[in-house]
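The file final-v3.pdb comes next; it holds PDB, C-alpha atoms, pLDDT in the B column.
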ATOM      1  CA  MET R 277      71.348 -26.530 -19.935  1.00 49.00           C
ATOM      2  CA  SER R 278      68.457 -24.632 -21.495  1.00 52.00           C
ATOM      3  CA  ASP R 279      66.757 -21.636 -19.849  1.00 52.00           C
ATOM      4  CA  LYS R 280      63.569 -23.671 -19.303  1.00 54.00           C
ATOM      5  CA  VAL R 281      65.428 -26.360 -17.376  1.00 50.00           C
ATOM      6  CA  ALA R 282      67.263 -23.789 -15.237  1.00 49.00           C
ATOM      7  CA  VAL R 283      64.011 -22.041 -14.338  1.00 50.00           C
ATOM      8  CA  ARG R 284      62.411 -25.368 -13.419  1.00 51.00           C
ATOM      9  CA  GLU R 285      65.392 -26.435 -11.293  1.00 53.00           C
ATOM     10  CA  ASN R 286      65.412 -23.080  -9.452  1.00 52.00           C
ATOM     11  CA  ALA R 287      61.671 -23.347  -8.837  1.00 52.00           C
ATOM     12  CA  GLU R 288      62.131 -26.823  -7.394  1.00 56.00           C
ATOM     13  CA  VAL R 289      64.981 -25.685  -5.157  1.00 54.00           C
ATOM     14  CA  GLY R 290      62.883 -22.797  -3.805  1.00 55.00           C
ATOM     15  CA  ALA R 291      59.733 -24.894  -3.499  1.00 67.00           C
ATOM     16  CA  HIS R 292      60.512 -26.188  -0.005  1.00 76.00           C
ATOM     17  CA  GLN R 293      60.885 -23.402   2.502  1.00 78.00           C
ATOM     18  CA  PRO R 294      62.106 -24.795   5.833  1.00 78.00           C
ATOM     19  CA  THR R 295      59.740 -24.423   8.717  1.00 77.00           C
ATOM     20  CA  MET R 296      60.798 -22.620  11.878  1.00 72.00           C
ATOM     21  CA  LEU R 297      61.062 -25.990  13.626  1.00 74.00           C
ATOM     22  CA  GLU R 298      63.367 -27.322  10.881  1.00 80.00           C
ATOM     23  CA  MET R 299      65.583 -24.246  11.152  1.00 76.00           C
ATOM     24  CA  ILE R 300      65.789 -24.634  14.942  1.00 76.00           C
ATOM     25  CA  ALA R 301      66.662 -28.327  14.615  1.00 78.00           C
ATOM     26  CA  ARG R 302      69.365 -27.515  12.065  1.00 79.00           C
ATOM     27  CA  ALA R 303      70.795 -24.742  14.260  1.00 77.00           C
ATOM     28  CA  ALA R 304      70.685 -26.935  17.379  1.00 76.00           C
ATOM     29  CA  ALA R 305      72.739 -29.570  15.565  1.00 80.00           C
ATOM     30  CA  ASP R 306      75.402 -26.999  14.629  1.00 80.00           C
ATOM     31  CA  PRO R 307      77.977 -26.598  17.457  1.00 83.00           C
ATOM     32  CA  ASN R 308      78.970 -23.155  16.074  1.00 83.00           C
ATOM     33  CA  VAL R 309      75.525 -21.608  16.671  1.00 80.00           C
ATOM     34  CA  ASP R 310      75.390 -18.972  19.406  1.00 84.00           C
ATOM     35  CA  VAL R 311      72.472 -20.039  21.622  1.00 82.00           C
ATOM     36  CA  ALA R 312      71.987 -16.551  23.078  1.00 85.00           C
ATOM     37  CA  LYS R 313      71.673 -15.052  19.595  1.00 82.00           C
ATOM     38  CA  MET R 314      69.304 -17.854  18.658  1.00 82.00           C
ATOM     39  CA  ARG R 315      67.090 -16.984  21.644  1.00 85.00           C
ATOM     40  CA  GLU R 316      67.101 -13.322  20.643  1.00 86.00           C
ATOM     41  CA  LEU R 317      66.138 -14.197  17.080  1.00 81.00           C
ATOM     42  CA  MET R 318      63.342 -16.459  18.326  1.00 84.00           C
ATOM     43  CA  ALA R 319      62.043 -13.682  20.595  1.00 88.00           C
ATOM     44  CA  MET R 320      62.117 -11.245  17.678  1.00 88.00           C
ATOM     45  CA  GLN R 321      60.266 -13.741  15.467  1.00 86.00           C
ATOM     46  CA  LYS R 322      57.639 -14.216  18.176  1.00 90.00           C
ATOM     47  CA  GLU R 323      57.142 -10.441  18.443  1.00 92.00           C
ATOM     48  CA  ILE R 324      56.846 -10.074  14.664  1.00 90.00           C
ATOM     49  CA  VAL R 325      54.237 -12.847  14.450  1.00 91.00           C
ATOM     50  CA  ALA R 326      52.278 -11.380  17.377  1.00 93.00           C
ATOM     51  CA  GLU R 327      52.258  -7.932  15.732  1.00 95.00           C
ATOM     52  CA  GLU R 328      51.125  -9.397  12.403  1.00 95.00           C
ATOM     53  CA  ARG R 329      48.277 -11.202  14.192  1.00 96.00           C
ATOM     54  CA  ARG R 330      47.318  -8.030  16.083  1.00 97.00           C
ATOM     55  CA  MET R 331      47.223  -6.052  12.836  1.00 97.00           C
ATOM     56  CA  LEU R 332      44.937  -8.667  11.229  1.00 97.00           C
ATOM     57  CA  TYR R 333      42.692  -8.489  14.331  1.00 98.00           C
ATOM     58  CA  VAL R 334      42.516  -4.678  14.139  1.00 97.00           C
ATOM     59  CA  ASP R 335      41.790  -4.732  10.403  1.00 97.00           C
ATOM     60  CA  ALA R 336      38.991  -7.288  10.819  1.00 97.00           C
ATOM     61  CA  MET R 337      37.579  -5.387  13.827  1.00 97.00           C
ATOM     62  CA  THR R 338      37.524  -2.176  11.783  1.00 97.00           C
ATOM     63  CA  GLN R 339      35.564  -3.913   9.032  1.00 97.00           C
ATOM     64  CA  LEU R 340      33.147  -5.496  11.506  1.00 97.00           C
ATOM     65  CA  GLN R 341      32.513  -2.203  13.314  1.00 96.00           C
ATOM     66  CA  HIS R 342      31.812  -0.510   9.995  1.00 96.00           C
ATOM     67  CA  ALA R 343      29.064  -3.090   9.394  1.00 96.00           C
ATOM     68  CA  LEU R 344      27.439  -2.627  12.820  1.00 94.00           C
ATOM     69  CA  PRO R 345      24.247  -0.585  13.130  1.00 92.00           C
ATOM     70  CA  GLN R 346      23.276   1.455  16.147  1.00 89.00           C
ATOM     71  CA  PHE R 347      21.124  -0.692  18.411  1.00 91.00           C
ATOM     72  CA  LYS R 348      17.642   0.231  19.581  1.00 90.00           C
ATOM     73  CA  LYS R 349      16.769   0.061  23.244  1.00 90.00           C
ATOM     74  CA  THR R 350      13.842  -2.334  23.061  1.00 89.00           C
ATOM     75  CA  ALA R 351      13.892  -3.659  26.645  1.00 89.00           C
ATOM     76  CA  ARG R 352      12.780  -1.731  29.699  1.00 89.00           C
ATOM     77  CA  VAL R 353      13.729  -1.740  33.366  1.00 86.00           C
ATOM     78  CA  VAL R 354      10.506  -1.220  35.323  1.00 85.00           C
ATOM     79  CA  VAL R 355      10.565  -0.957  39.104  1.00 83.00           C
ATOM     80  CA  LYS R 356       7.245  -0.827  40.981  1.00 85.00           C
ATOM     81  CA  GLY R 357       5.457   0.185  37.797  1.00 89.00           C
ATOM     82  CA  VAL R 358       7.862   2.990  36.917  1.00 90.00           C
ATOM     83  CA  GLU R 359      10.212   2.746  33.931  1.00 87.00           C
ATOM     84  CA  ARG R 360      13.751   3.466  35.098  1.00 85.00           C
ATOM     85  CA  SER R 361      15.644   2.869  31.872  1.00 85.00           C
ATOM     86  CA  ARG R 362      15.782   1.163  28.490  1.00 87.00           C
ATOM     87  CA  PHE R 363      18.495  -0.981  26.945  1.00 90.00           C
ATOM     88  CA  SER R 364      19.343  -3.274  24.031  1.00 91.00           C
ATOM     89  CA  PRO R 365      18.912  -6.872  25.212  1.00 92.00           C
ATOM     90  CA  ILE R 366      21.872  -9.187  24.732  1.00 93.00           C
ATOM     91  CA  GLU R 367      19.848 -11.393  22.368  1.00 95.00           C
ATOM     92  CA  ASP R 368      19.286  -8.393  20.044  1.00 94.00           C
ATOM     93  CA  ILE R 369      23.004  -7.615  20.112  1.00 95.00           C
ATOM     94  CA  ASP R 370      23.855 -11.273  19.558  1.00 96.00           C
ATOM     95  CA  ALA R 371      21.472 -11.644  16.588  1.00 96.00           C
ATOM     96  CA  ILE R 372      23.449  -8.989  14.701  1.00 95.00           C
ATOM     97  CA  LEU R 373      26.912  -9.549  16.175  1.00 97.00           C
ATOM     98  CA  ARG R 374      27.168 -13.357  15.839  1.00 97.00           C
ATOM     99  CA  PRO R 375      26.946 -13.509  12.005  1.00 97.00           C
ATOM    100  CA  LEU R 376      29.354 -10.568  11.688  1.00 98.00           C
ATOM    101  CA  CYS R 377      31.823 -12.265  14.045  1.00 98.00           C
ATOM    102  CA  HIS R 378      31.660 -15.381  11.901  1.00 98.00           C
ATOM    103  CA  LYS R 379      32.122 -13.366   8.695  1.00 98.00           C
ATOM    104  CA  PHE R 380      35.182 -11.496  10.004  1.00 98.00           C
ATOM    105  CA  GLY R 381      36.787 -14.383  11.922  1.00 98.00           C
ATOM    106  CA  PHE R 382      35.954 -13.538  15.530  1.00 98.00           C
ATOM    107  CA  ALA R 383      34.830 -15.738  18.407  1.00 98.00           C
ATOM    108  CA  ILE R 384      33.496 -14.603  21.786  1.00 98.00           C
ATOM    109  CA  ALA R 385      33.970 -16.479  25.058  1.00 98.00           C
ATOM    110  CA  ASP R 386      32.632 -15.424  28.450  1.00 97.00           C
ATOM    111  CA  ASP R 387      33.630 -16.415  31.949  1.00 97.00           C
ATOM    112  CA  VAL R 388      32.708 -15.376  35.471  1.00 97.00           C
ATOM    113  CA  LYS R 389      34.733 -15.357  38.650  1.00 96.00           C
ATOM    114  CA  VAL R 390      33.212 -14.812  42.064  1.00 94.00           C
ATOM    115  CA  ILE R 391      35.012 -12.009  43.889  1.00 94.00           C
ATOM    116  CA  ASP R 392      32.954 -12.234  47.076  1.00 94.00           C
ATOM    117  CA  ALA R 393      29.361 -12.955  48.139  1.00 90.00           C
ATOM    118  CA  LYS R 394      28.169  -9.680  46.608  1.00 93.00           C
ATOM    119  CA  THR R 395      30.455  -9.210  43.591  1.00 95.00           C
ATOM    120  CA  VAL R 396      31.305 -11.062  40.383  1.00 95.00           C
ATOM    121  CA  MET R 397      33.941 -10.427  37.719  1.00 97.00           C
ATOM    122  CA  VAL R 398      32.581 -10.899  34.201  1.00 97.00           C
ATOM    123  CA  ILE R 399      35.259 -11.682  31.609  1.00 98.00           C
ATOM    124  CA  THR R 400      34.802 -11.535  27.839  1.00 98.00           C
ATOM    125  CA  LYS R 401      37.518 -12.707  25.466  1.00 98.00           C
ATOM    126  CA  VAL R 402      37.292 -11.856  21.767  1.00 98.00           C
ATOM    127  CA  SER R 403      39.592 -14.033  19.643  1.00 98.00           C
ATOM    128  CA  HIS R 404      40.408 -13.688  15.963  1.00 98.00           C
ATOM    129  CA  SER R 405      41.142 -16.538  13.573  1.00 97.00           C
ATOM    130  CA  ALA R 406      44.652 -15.115  12.985  1.00 96.00           C
ATOM    131  CA  GLY R 407      45.507 -15.921  16.616  1.00 96.00           C
ATOM    132  CA  HIS R 408      45.272 -12.554  18.412  1.00 97.00           C
ATOM    133  CA  PHE R 409      42.774 -12.045  21.232  1.00 97.00           C
ATOM    134  CA  GLU R 410      41.729  -9.294  23.600  1.00 98.00           C
ATOM    135  CA  GLU R 411      40.129  -9.728  26.985  1.00 98.00           C
ATOM    136  CA  LYS R 412      38.134  -7.221  28.985  1.00 98.00           C
ATOM    137  CA  THR R 413      36.823  -7.578  32.526  1.00 98.00           C
ATOM    138  CA  LEU R 414      34.063  -5.874  34.449  1.00 97.00           C
ATOM    139  CA  PRO R 415      33.583  -6.245  38.195  1.00 97.00           C
ATOM    140  CA  LEU R 416      29.904  -5.949  39.095  1.00 94.00           C
ATOM    141  CA  PRO R 417      27.916  -5.979  42.289  1.00 92.00           C
ATOM    142  CA  ILE R 418      25.221  -8.649  42.260  1.00 91.00           C
ATOM    143  CA  ASP R 419      21.930  -6.807  41.793  1.00 84.00           C
ATOM    144  CA  PHE R 420      19.908  -8.421  44.573  1.00 85.00           C
ATOM    145  CA  SER R 421      16.183  -7.792  44.363  1.00 80.00           C
ATOM    146  CA  ASP R 422      13.077  -8.699  46.324  1.00 78.00           C
ATOM    147  CA  TYR R 423      11.601  -9.900  43.025  1.00 75.00           C
ATOM    148  CA  ARG R 424      14.349 -12.437  42.129  1.00 79.00           C
ATOM    149  CA  SER R 425      16.071 -15.355  43.808  1.00 83.00           C
ATOM    150  CA  GLY R 426      19.785 -15.062  44.613  1.00 80.00           C
ATOM    151  CA  SER R 427      20.665 -17.158  41.535  1.00 82.00           C
ATOM    152  CA  GLN R 428      18.459 -15.026  39.293  1.00 84.00           C
ATOM    153  CA  SER R 429      20.086 -11.875  40.675  1.00 82.00           C
ATOM    154  CA  THR R 430      23.551 -13.261  39.932  1.00 89.00           C
ATOM    155  CA  VAL R 431      22.581 -14.262  36.386  1.00 90.00           C
ATOM    156  CA  ALA R 432      21.010 -10.838  35.788  1.00 88.00           C
ATOM    157  CA  SER R 433      24.277  -9.171  36.828  1.00 92.00           C
ATOM    158  CA  VAL R 434      26.342 -11.520  34.638  1.00 94.00           C
ATOM    159  CA  THR R 435      24.076 -10.831  31.635  1.00 93.00           C
ATOM    160  CA  LEU R 436      24.437  -7.095  32.244  1.00 93.00           C
ATOM    161  CA  GLY R 437      28.217  -7.525  32.304  1.00 95.00           C
ATOM    162  CA  LYS R 438      28.265  -9.610  29.114  1.00 96.00           C
ATOM    163  CA  ARG R 439      26.142  -7.002  27.326  1.00 95.00           C
ATOM    164  CA  HIS R 440      28.384  -4.115  28.395  1.00 95.00           C
ATOM    165  CA  LEU R 441      31.596  -5.989  27.605  1.00 97.00           C
ATOM    166  CA  ARG R 442      30.314  -6.685  24.074  1.00 97.00           C
ATOM    167  CA  LYS R 443      29.521  -3.006  23.712  1.00 95.00           C
ATOM    168  CA  MET R 444      33.072  -2.155  24.819  1.00 95.00           C
ATOM    169  CA  HIS R 445      34.835  -4.766  22.657  1.00 97.00           C
ATOM    170  CA  PHE R 446      32.941  -3.911  19.474  1.00 97.00           C
ATOM    171  CA  ASN R 447      32.233  -0.208  20.151  1.00 93.00           C
ATOM    172  CA  ILE R 448      28.488  -0.816  20.017  1.00 93.00           C
ATOM    173  CA  VAL R 449      26.366   2.287  20.394  1.00 90.00           C
ATOM    174  CA  GLU R 450      22.698   2.334  21.337  1.00 89.00           C
ATOM    175  CA  VAL R 451      20.288   4.904  19.920  1.00 84.00           C
ATOM    176  CA  ASN R 452      19.894   7.709  22.501  1.00 75.00           C
ATOM    177  CA  GLU R 453      22.775   6.292  24.548  1.00 61.00           C
ATOM    178  CA  ASP R 454      24.145   9.696  25.535  1.00 61.00           C
ATOM    179  CA  THR R 455      21.282  11.843  26.800  1.00 59.00           C
ATOM    180  CA  ASN R 456      23.168  13.813  29.479  1.00 60.00           C
ATOM    181  CA  GLY R 457      20.754  12.383  32.037  1.00 60.00           C
ATOM    182  CA  GLU R 458      17.713  13.863  30.348  1.00 63.00           C
ATOM    183  CA  PRO R 459      14.639  11.703  29.673  1.00 60.00           C
ATOM    184  CA  VAL R 460      14.161  10.739  26.034  1.00 55.00           C
ATOM    185  CA  GLU R 461      10.905  10.107  24.201  1.00 57.00           C
ATOM    186  CA  ILE R 462      11.106   6.672  22.563  1.00 49.00           C
TER
END
In structure tokens, write the structure found in this file.
Amino acid sequence: MSDKVAVRENAEVGAHQPTMLEMIARAAADPNVDVAKMRELMAMQKEIVAEERRMLYVDAMTQLQHALPQFKKTARVVVKGVERSRFSPIEDIDAILRPLCHKFGFAIADDVKVIDAKTVMVITKVSHSAGHFEEKTLPLPIDFSDYRSGSQSTVASVTLGKRHLRKMHFNIVEVNEDTNGEPVEI
């Protein structure tokens, strides 16, 4: 047999790598396989895959965060004609974050659970295309106001929660975020 034929035959033999399911089926058919050891090996494999996925998530998150700018506080909270605070609206955050999430393989999903008549739990899950995800929660009192209906107050609190959970997940910083309680000229 020539060297070229041997190389080709070896390449063909190595071409089909058995899948995990095929290996399990083969092991299950073998009466000499120790089932307890098999379980341990499967648990180890699961941990290895989970860690690989987490590392891909962290790497992609690092790249995404590097691409994020600081956000400007373009919206104002005005109560009875007096400005109480400024913030970056969720639509401004989303306009920058959504394309970056797509580029780096992330998806964001939000949910809300009612805790009681005055409190909601806002939940934001950030998933990566490699399979890892992280979930953060934020319990919030519903910000009832004389100027909004009950539904509007609930939605305002949920939007506040979604905005803050995005800031936490992606380490978003707003310009003049940390002012030590001092007023800032904007």
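The interatomic distance for the pair atom CA of Ile384 of chain R and atom CA of Ser403 of chain R works out to 6.5 Å.
Considering only C-alpha atoms, the residue among R:Met444, R:Gly357, R:Ile418, R:Ile372 positioned nearest to Thr400 of chain R is R:Met444.
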Q. In Å, with one decimal, what is the gap from atom CA of Asn447 of chain R to atom CA of Leu416 of chain R?
A. 19.9 Å
Q: Determine the nearest neighbour of Ala432 of chain R from the options R:Leu376, R:Phe382, R:Glu411, R:Val396, counting all atoms listed in the file.
A: R:Val396
Q. Which protein, DNA or RNA residues are at most 12 Å from (22.2, -11.5, 33.0) in the file's coordinates when you count all atoms listed in the file, listed as a PyMOL selection string?
A. chain R and resi 365-367+388+396+398+416+418-419+427-440
Q: Find, counting only C-alpha atoms, the residue in R:Lys322, R:Lys394, R:Lys313, R:Lys401 that gets nearest to Pro417 of chain R.
A: R:Lys394
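The coordinates place atom CA of Arg362 of chain R at 6.7 Å from atom CA of Thr350 of chain R.
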Q: Go through R:Glu323, R:Glu410, R:Val355, R:Phe446 one by one, measure the shortest atom-to-atom distance of each to Thr338 of chain R using only C-alpha atoms, and give the residue with the smallest value.
A: R:Phe446
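Put simply, the PyMOL selection byres ((chain R and resi 314) around 12) on this file hits Met296, Met299, Ile300, Ala301, Arg302, Ala303, Ala304, Asp306, Asn308, Val309, Asp310, Val311, Ala312, Lys313, Arg315, Glu316, Leu317, Met318, Ala319, Met320 and Gln321 of chain R.
The neighbours of Asp335 of chain R here are the residues that come within 12 Å of it, using all atoms listed in the file and leaving out any residue fewer than 5 positions away in the same chain; they are Glu328, Arg329, Arg330, Leu340, Gln341, His342, Phe380, Gly381, Phe382, His404, Ala406 and His408 of chain R.
Take the PyMOL selection byres ((chain R and resi 414) around 6) and apply it to this file: it picks Met397, Val398, Thr413 and Pro415 of chain R.
Ranking R:Lys443, R:Arg360, R:His378, R:Arg424 by their shortest atom-to-atom distance to Phe347 of chain R, with all atoms listed in the file included, puts R:Lys443 first.
Of the residues listed (R:Arg374, R:Lys348, R:Lys412, R:Lys379), R:Lys348 shows the shortest atom-to-atom separation from Val449 of chain R; distances use all atoms listed in the file.
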